[in-house]
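Undergrad: Structure incoming, see below.
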Amino acid sequence: MEPKPRIGVYICHCGVNISATVNVKQVAEYAATLPGVAVSRDYLYMCSDPGQGLIQQDIEEYGLNRVVVASCSPRMHEPTFRGAAQQVGLNPYLVEMANIREQCSWVHTDREAATEKAKSLVASVVAKAALLQPLEEREVGVTPGALVIGGGIAGMAAALDVADTGFPVYLVEKSDHLGGRLADLNRTFPTLEPVEELLGPLIERIQTHPNVTVFLTSRVVEVEGYVGNFELAVHSTPVSRSGSDSPHPGPPPSERERGGRGEAEPETSNPEPETHTLSVGSIIIATGYDVFDPHRKPELGYGQYSNVITSLEMERRLAERDLSVDGRTPKHVAFIQCVGSRDVQVGNPYCSRVCCMYTAKQSRLVRDMLPETDVTVFFMDVRTFGKGAEEFFDEARAKGVLYRRGNISEIIRRGDRVVLVGEDTLLARPIEFEADLVVLAVGMEARSDTADLSTLLKLPRSSDGFFLELHPKLRPVDTAVDGVFLAGCCQAPKDIPDTVAQAKAAASSALIPLIRGTVPAESATAVVDEEWCAGCGMCVEVCPFGAPSLDLLWGVSKINPVLCKGCGTCAVTCPSKAIRLQHFTAKQILAQVDALVG
Amino acid sequence: MALKTGPVTEQLELFGCIQCGKCTGGCPVARKTALNIRSLIYHMLVEPEMKLDKHPELWDCTCCFTCVERCPKDVRPADLIIELRGQLVEGGRIPETIGAALMGVFRQGNPTGMAREDRAAWADGTEIKAAQEGCEVLYFVGCSPAYDLRVQAVARALVRAFQAAGLDFGTLGTDESCCGNEVRRMGEVGLFEMLAEENAEQFRSVGAKQLVATSPHCFNTFKNEYGLDDADQNPIEVLHYTQLIAKLIEQGRLKFSKEVNKTVTYHDPCFLGKQNHIFDEPRAILDAIPGVKLVEMDRSRERSLCCEGGGGRMWAEGTNLEERLAFQRVQEAAETGAEILAVACPFCLLTLEDAVKVQGLDEQLQVMDIMELVDLAL
């Protein structure tokens, strides 16, 4: 026979946040009259040490077995009050909160009505509290190892930090070389060292690190499991140069110029395709970006005129020190900013963040290489915000790069030159600018295969197509899937300093479960009553986390309590009402409703 | 006349503008008039005091909508010009010729002001079914093809093609009234709404499945502003004739028996190409005509140079009479070596043909509608 509920109710003043609008004493008096309530108090700050002490004292003195705190949102202090209860031996899931601040005192002005509402809210939570059950707190072991998807600078930086800590890292790269997009570049801002100097040491460390296993020409094709215990299938195809997905034939310049080093020797170079099964505790996604294809802006003539090229193509020309167009040295070079960025016409409203800097870089390199050639940048805004960036922009102008304000509207031909048709908005008149070579500062886009990876890992994406971080400020490398982290441009456009910083952050977060050795599992999970379960499989279909699975032998669904996040989707979907979501059972919720309307 | 701004900036969401300059940069008349749409938007935001009637360049806009197509922030700059025109119309401060055109539409259902009862005169001898008797395809002739002696040839060519393809089509005859596209672009909202309502009702009562127009201007407003594809009432598929003719050729219902051995270049009309993204069907038709060699101008498709016929410009000379875009355009056409400059719009036909004559190019270049070429080959 279960002991009768002995509920302690605590109405918080929250200074004056609640008490200025809600008559907290009246609510406390009212609460004392509710069924099951053994003690009812009001206090200035329940979350303070003395406030928590009140709860703990009452639990011991009055033998309370349920606690209701009517205060702020549980998102603020649920852990606080649960912790307080746990310290004196009360199961934390026997503590419930009524939000009479964000949902009451902060949104109403009528004192009488707000007080009545607070009373209703407390009554409903007390009704639920009477039906609460203790829940088990679980921990699960962690496979010591990490997977990094993507062998660019983000992937390598993240892999090294995890590997240096002492854990094995599997680095899976789709193409036949390490270095990613960076390998296609010439020099990077703001330091302007050749890319080989940046990548070379990194690739060397990766290839020689005892804890790192590199899989080139490979992709992750299957992921199962959950944080701490991921099971993966990695499919590797034979290494072949011509199959490279670089925009140019042959090895990227960084590898050619390293001379002697030759091609990156993959750890696994197989003549046959092979599938590897791996187990890891954390996953870091570092898959990078795609470059905007300016064919999508036909008015700029890309693909129609050989004088119009992309910034990536310009990198190659700068690396080869050959800027000639149809055999002639260009006399007038123009850059057009924001191509494929800040543009709803092509579905990319966002700013790609790196283009202002890379244009400042390319334009000044052109001036260095061809002092007789004039260089003009057509811009809308100049966003050179990083460390040393504004000074870098100053340097470009000091070297004679002319910045003219106005986004070019279209490009037409005139003889063997092209004409940029636009408006100089500072002169406030239309202009026609003749150029021999036009560089389109193309932006970044989410990779075309992002959807595949998103489906594979159940990773949500933001409206711009990049992977979605859990919280833009507080959790910039976490995702909605525990144990999966983001690094680099796959999350949003960014430059190399920010990419490496984020990669190291992702490594740090990925190391937490690995170092701890265990991960906590959600306690308020869904449970199947196997007698009622018809084995229809609808719960399996609707679960966003892959927690339920049909036991083919018994013909019923079993929910993995570690994968389950307690969202309740299965419970409401089940046609037999066989699934009960602990801590949010139908009985509890209906009791709340009855208390509110009864 | 003072300007009423507050509601304008909000209604048109002008705050979205980042002053990038793509609108003015791509505006065909910005180069030759005082019209600077970017600057106009900025003025609306910061110094809205403006005496509208002191700005005759507001009537220079051809409504080619390049600015709308290019704007990276979806601001629709041309809508501001149309809104300001609306205020001028309300105040009665408009160029005389525009006023006359609007009055003509109001009184006789066409901007020339010619008698309504003469609207079907072009069709004498063609035996076209009256749409009111019921037909699959409602052919909307349009004011220019009906009344203008040069453009009537296009309507007759279309009719011959429809008949050759065995199409079940009809026209509204003298019951047909102006589509209102230019009326709306000139800012006369009230008259437009009246026309749209009456016309739409008339179209629906015919019971046709498709509505095909000679002019891209009529096509534009029927497709985008009349709500004819509303599924609740019998939806009508709106087509420009190039879409229908291309389909008929593809289906083999229209066959060519003669050759037209000419080099042809095609001028994309703004209301067909830029605004409604129909670039391929006209070219498909020209490609299908035996003997035709199609060459492209540099400024083709999205960069086609406006002929300056739209936005009420057929009835207003504008502020710069010397430099006409049509002059530049026919030069560009001549430079391709083409013998024929093909068009698919009555306004383009008239303005470009005038330009050819004035520039003395009539020995080397002939302006023809696509249907006239089709007609030669049928």
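Residues in the structure tokens are numbered from 1 in each chain, the chains being A, B, ... in the order shown, and ligands are numbered from 1 in the order shown.
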Give me the chain A side of the contact with chain B, cut-off 12 Å, one line per residue showing its nearest atom pair and distance in Å at one decimal, counting only C-alpha atoms, sorted by chain and residue number, as CSV.
TA:
residue,atom,partner,partner_atom,distance
A:Arg296,CA,B:Glu302,CA,11.6
A:Lys297,CA,B:Glu302,CA,9.4
A:Pro298,CA,B:Glu302,CA,7.0
A:Glu299,CA,B:Glu302,CA,6.0
A:Leu300,CA,B:Arg303,CA,9.1
A:Gly301,CA,B:Arg303,CA,9.5
A:Gln304,CA,B:Asp298,CA,9.5
A:Tyr305,CA,B:Asp298,CA,10.2
A:Ile336,CA,B:Lys22,CA,11.9
A:Gln337,CA,B:Cys20,CA,10.8
A:Cys338,CA,B:Pro72,CA,9.8
A:Val339,CA,B:Pro72,CA,10.1
A:Gly340,CA,B:Pro72,CA,9.4
A:Ser341,CA,B:Pro72,CA,8.7
A:Arg342,CA,B:Pro72,CA,6.5
A:Asp343,CA,B:Pro72,CA,4.1
A:Val344,CA,B:Pro72,CA,5.2
A:Gln345,CA,B:Pro72,CA,5.8
A:Val346,CA,B:Pro72,CA,8.4
A:Gly347,CA,B:Pro72,CA,9.4
A:Asn348,CA,B:Pro72,CA,9.2
A:Pro349,CA,B:Lys73,CA,7.8
A:Tyr350,CA,B:Pro72,CA,10.7
A:Cys351,CA,B:Pro72,CA,11.7
A:Phe378,CA,B:Cys20,CA,10.1
A:Phe379,CA,B:Cys20,CA,8.1
A:Met380,CA,B:Cys20,CA,5.4
A:Asp381,CA,B:Cys20,CA,8.6
A:Arg404,CA,B:Cys20,CA,11.3
A:Arg405,CA,B:Cys20,CA,7.8
A:Gly406,CA,B:Gly21,CA,5.2
A:Asn407,CA,B:Cys20,CA,5.4
A:Ile408,CA,B:Lys22,CA,6.0
A:Ser409,CA,B:Lys22,CA,4.6
A:Glu410,CA,B:Gly26,CA,6.6
A:Ile411,CA,B:Arg303,CA,8.5
A:Ile412,CA,B:Arg299,CA,6.7
A:Arg413,CA,B:Asp298,CA,6.7
A:Arg414,CA,B:Asp298,CA,9.2
A:Gly415,CA,B:Asp298,CA,10.8
A:Val418,CA,B:Asp298,CA,10.8
A:Val419,CA,B:Asp298,CA,11.6
A:Leu420,CA,B:Gly25,CA,9.4
A:Val421,CA,B:Gly25,CA,6.1
A:Gly422,CA,B:Gly25,CA,3.5
A:Glu423,CA,B:Gly25,CA,4.3
A:Asp424,CA,B:Gly21,CA,7.2
A:Thr425,CA,B:Gly21,CA,6.0
A:Leu426,CA,B:Gly21,CA,9.7
A:Leu427,CA,B:Ser39,CA,10.9
A:Ala428,CA,B:Ser39,CA,7.4
A:Arg429,CA,B:Asn36,CA,7.7
A:Pro430,CA,B:Gly25,CA,5.6
A:Ile431,CA,B:Gly25,CA,7.3
A:Glu432,CA,B:Gly25,CA,9.0
A:Phe433,CA,B:Gly25,CA,11.4
Undergrad: Can you pull out every residue within 9 Å of segment 340-355 of chain B, counting only C-alpha atoms, but drop anything in the same chain fewer than 2 positions away, and send it as a ChimeraX atom specification?
TA: /B:144-145,150-151,154,214-217,241-242,262-269,271-272,282,286,306-310,314,324-330,333-334,338,357-362,364-371,373
Undergrad: I want to know what sits within 9 Å of Tyr226 of chain B, based on only C-alpha atoms, with residues of the same chain fewer than 2 positions away left out; could you give that as a list in words?
TA: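 Non-adjacent residues within range: Ala196, Glu197, Asn199, Ala200, Thr221, Phe222, Lys223, Asn224, Leu228 and Asp229 of chain B.
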Undergrad: Where in segment 358-543 of chain A does DSSP assign strand (DSSP E), given as number ranges by chain?
TA: A: 374-379, 401-405, 410-414, 417-424, 429-435, 437-442, 444-446, 484-486, 518-521, 526-528
Undergrad: What gap, in Å, lies between atom CA of Gly150 of chain A and atom CA of Ile284 of chain A?
TA: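 Spanning atom CA of Gly150 of chain A to atom CA of Ile284 of chain A is a straight-line distance of 8.7 Å.
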Undergrad: Considering only C-alpha atoms, return as a PyMOL selection string whatever protein or nucleic-acid residues lie within 10 Å of Cys135 of chain B, sequence-local ones (same chain, fewer than 2 positions apart) excluded.
TA: chain B and resi 129-133+137-139+167-171+206-210
Undergrad: Residues of segment 89-213 of chain A in alpha helix (DSSP H) according to DSSP, as a PyMOL selection string?
TA: chain A and resi 111-129+153-165+195-208
Undergrad: Could you take the residues named above and write them with C-alpha atoms, as a PDB file, in the first residue's frame?
TA:
ATOM      1  CA  ARG A 111      -3.477  41.767  -8.615  1.00  0.00           C
ATOM      2  CA  GLU A 112      -6.724  40.032  -7.810  1.00  0.00           C
ATOM      3  CA  ALA A 113      -6.917  38.063 -11.017  1.00  0.00           C
ATOM      4  CA  ALA A 114      -3.241  37.157 -10.869  1.00  0.00           C
ATOM      5  CA  THR A 115      -3.620  35.843  -7.351  1.00  0.00           C
ATOM      6  CA  GLU A 116      -6.587  33.713  -8.363  1.00  0.00           C
ATOM      7  CA  LYS A 117      -4.590  32.386 -11.280  1.00  0.00           C
ATOM      8  CA  ALA A 118      -1.617  31.598  -9.039  1.00  0.00           C
ATOM      9  CA  LYS A 119      -3.948  29.666  -6.749  1.00  0.00           C
ATOM     10  CA  SER A 120      -5.237  27.644  -9.727  1.00  0.00           C
ATOM     11  CA  LEU A 121      -1.724  26.920 -10.893  1.00  0.00           C
ATOM     12  CA  VAL A 122      -0.659  25.746  -7.458  1.00  0.00           C
ATOM     13  CA  ALA A 123      -3.762  23.597  -7.103  1.00  0.00           C
ATOM     14  CA  SER A 124      -3.067  21.876 -10.386  1.00  0.00           C
ATOM     15  CA  VAL A 125       0.558  21.141  -9.550  1.00  0.00           C
ATOM     16  CA  VAL A 126      -0.385  19.882  -6.094  1.00  0.00           C
ATOM     17  CA  ALA A 127      -2.833  17.515  -7.768  1.00  0.00           C
ATOM     18  CA  LYS A 128      -0.051  16.217  -9.948  1.00  0.00           C
ATOM     19  CA  ALA A 129       2.406  16.017  -7.089  1.00  0.00           C
ATOM     20  CA  ILE A 153      41.101  22.044 -40.857  1.00  0.00           C
ATOM     21  CA  ALA A 154      38.166  21.831 -38.464  1.00  0.00           C
ATOM     22  CA  GLY A 155      38.180  18.056 -38.436  1.00  0.00           C
ATOM     23  CA  MET A 156      41.926  17.835 -38.024  1.00  0.00           C
ATOM     24  CA  ALA A 157      42.109  20.426 -35.244  1.00  0.00           C
ATOM     25  CA  ALA A 158      39.327  18.670 -33.340  1.00  0.00           C
ATOM     26  CA  ALA A 159      40.824  15.230 -33.913  1.00  0.00           C
ATOM     27  CA  LEU A 160      44.214  16.304 -32.591  1.00  0.00           C
ATOM     28  CA  ASP A 161      42.860  17.638 -29.316  1.00  0.00           C
ATOM     29  CA  VAL A 162      40.920  14.440 -28.676  1.00  0.00           C
ATOM     30  CA  ALA A 163      43.874  12.295 -29.721  1.00  0.00           C
ATOM     31  CA  ASP A 164      46.315  14.285 -27.598  1.00  0.00           C
ATOM     32  CA  THR A 165      44.121  13.642 -24.562  1.00  0.00           C
ATOM     33  CA  VAL A 195      48.455  27.439 -47.139  1.00  0.00           C
ATOM     34  CA  GLU A 196      51.092  24.685 -47.160  1.00  0.00           C
ATOM     35  CA  GLU A 197      52.674  26.210 -44.078  1.00  0.00           C
ATOM     36  CA  LEU A 198      49.327  26.068 -42.337  1.00  0.00           C
ATOM     37  CA  LEU A 199      48.199  22.669 -43.459  1.00  0.00           C
ATOM     38  CA  GLY A 200      51.470  20.861 -43.773  1.00  0.00           C
ATOM     39  CA  PRO A 201      52.276  20.517 -40.081  1.00  0.00           C
ATOM     40  CA  LEU A 202      48.648  19.727 -39.281  1.00  0.00           C
ATOM     41  CA  ILE A 203      48.421  16.951 -41.836  1.00  0.00           C
ATOM     42  CA  GLU A 204      51.794  15.618 -40.710  1.00  0.00           C
ATOM     43  CA  ARG A 205      50.626  15.426 -37.114  1.00  0.00           C
ATOM     44  CA  ILE A 206      47.398  13.721 -38.096  1.00  0.00           C
ATOM     45  CA  GLN A 207      49.117  11.145 -40.238  1.00  0.00           C
ATOM     46  CA  THR A 208      51.732  10.296 -37.633  1.00  0.00           C
TER      47      THR A 208
END
Undergrad: Could you list, as a PyMOL selection string, every residue within 12 Å of Leu14 of chain B, counting only C-alpha atoms and ignoring same-chain residues fewer than 6 positions away?
TA: chain B and resi 5-8+37-46+71+73-80
Undergrad: Export, as a short mmCIF file (atom, residue, chain, number, x, y, z; two decimals), in the first residue's frame, the selected residues with N, CA and C atoms.
TA:
data_model
loop_
_atom_site.label_atom_id
_atom_site.label_comp_id
_atom_site.auth_asym_id
_atom_site.auth_seq_id
_atom_site.Cartn_x
_atom_site.Cartn_y
_atom_site.Cartn_z
N THR B 5 3.51 60.16 -46.83
CA THR B 5 4.51 59.09 -46.75
C THR B 5 4.33 57.99 -45.75
N GLY B 6 4.11 58.35 -44.48
CA GLY B 6 4.15 57.34 -43.42
C GLY B 6 3.66 55.99 -43.83
N PRO B 7 2.42 55.88 -44.21
CA PRO B 7 1.89 54.57 -44.60
C PRO B 7 2.67 53.96 -45.76
N VAL B 8 3.21 54.78 -46.65
CA VAL B 8 3.92 54.26 -47.81
C VAL B 8 5.13 53.45 -47.39
N ILE B 37 15.76 55.21 -58.47
CA ILE B 37 14.82 54.58 -57.55
C ILE B 37 15.43 54.33 -56.17
N ARG B 38 16.71 54.01 -56.14
CA ARG B 38 17.35 53.78 -54.83
C ARG B 38 17.30 55.06 -54.01
N SER B 39 17.63 56.16 -54.68
CA SER B 39 17.64 57.45 -54.00
C SER B 39 16.23 57.82 -53.55
N LEU B 40 15.25 57.49 -54.39
CA LEU B 40 13.86 57.78 -54.05
C LEU B 40 13.46 57.05 -52.78
N ILE B 41 13.85 55.76 -52.68
CA ILE B 41 13.54 54.99 -51.48
C ILE B 41 14.19 55.64 -50.26
N TYR B 42 15.45 56.04 -50.43
CA TYR B 42 16.17 56.65 -49.31
C TYR B 42 15.47 57.94 -48.86
N HIS B 43 15.04 58.73 -49.85
CA HIS B 43 14.33 59.97 -49.52
C HIS B 43 13.04 59.70 -48.77
N MET B 44 12.34 58.64 -49.18
CA MET B 44 11.10 58.28 -48.50
C MET B 44 11.38 58.03 -47.03
N LEU B 45 12.56 57.46 -46.75
CA LEU B 45 12.88 57.09 -45.37
C LEU B 45 13.40 58.26 -44.55
N VAL B 46 14.19 59.14 -45.17
CA VAL B 46 14.81 60.17 -44.34
C VAL B 46 14.26 61.58 -44.52
N CYS B 71 16.54 42.94 -56.56
CA CYS B 71 16.68 43.37 -55.17
C CYS B 71 16.98 42.21 -54.24
N LYS B 73 16.86 42.13 -51.10
CA LYS B 73 16.10 42.16 -49.87
C LYS B 73 14.60 42.12 -50.11
N ASP B 74 14.19 41.78 -51.33
CA ASP B 74 12.76 41.64 -51.65
C ASP B 74 11.96 42.90 -51.38
N VAL B 75 12.52 44.06 -51.71
CA VAL B 75 11.83 45.31 -51.41
C VAL B 75 10.84 45.73 -52.49
N ARG B 76 10.97 45.32 -53.74
CA ARG B 76 10.07 45.71 -54.83
C ARG B 76 10.07 47.23 -55.04
N PRO B 77 11.20 47.77 -55.48
CA PRO B 77 11.29 49.23 -55.66
C PRO B 77 10.26 49.79 -56.63
N ALA B 78 9.94 49.08 -57.70
CA ALA B 78 9.01 49.63 -58.68
C ALA B 78 7.65 49.91 -58.06
N ASP B 79 7.29 49.13 -57.04
CA ASP B 79 6.00 49.36 -56.40
C ASP B 79 5.93 50.76 -55.79
N LEU B 80 7.08 51.30 -55.40
CA LEU B 80 7.08 52.65 -54.85
C LEU B 80 6.71 53.66 -55.93
#
Undergrad: Counting only C-alpha atoms, which of B:Gly187, B:Gly166, B:Gly273, B:Gly337 gets nearest to Gly99 of chain B?
TA: B:Gly187
Undergrad: With only C-alpha atoms as the counted atoms, please give the residues lying no more than 6 Å from Val212 of chain A, apart from itself and same-chain residues fewer than 3 positions off, as a list in words.
TA: Pro168, Val169, Tyr170 and His209 of chain A
Undergrad: For Phe65 of chain B, which residue out of B:Arg160, B:Lys274, B:Arg204, B:Arg253 is the nearest one, using only C-alpha atoms?
TA: B:Lys274
Undergrad: Do you know which residues are at most 8 Å from Arg66 of chain A counting only C-alpha atoms, after dropping those on the same chain fewer than 2 positions away, and could you put them as JSON, numbers by chain?
TA: {"A": [5, 6, 7, 8, 64, 68, 94, 95, 129, 130, 132]}
Undergrad: Any idea what the distance is between atom CA of Arg397 of chain A and atom CA of Thr191 of chain A?
TA: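 Atom CA of Thr191 of chain A lies 16.7 Å from atom CA of Arg397 of chain A.
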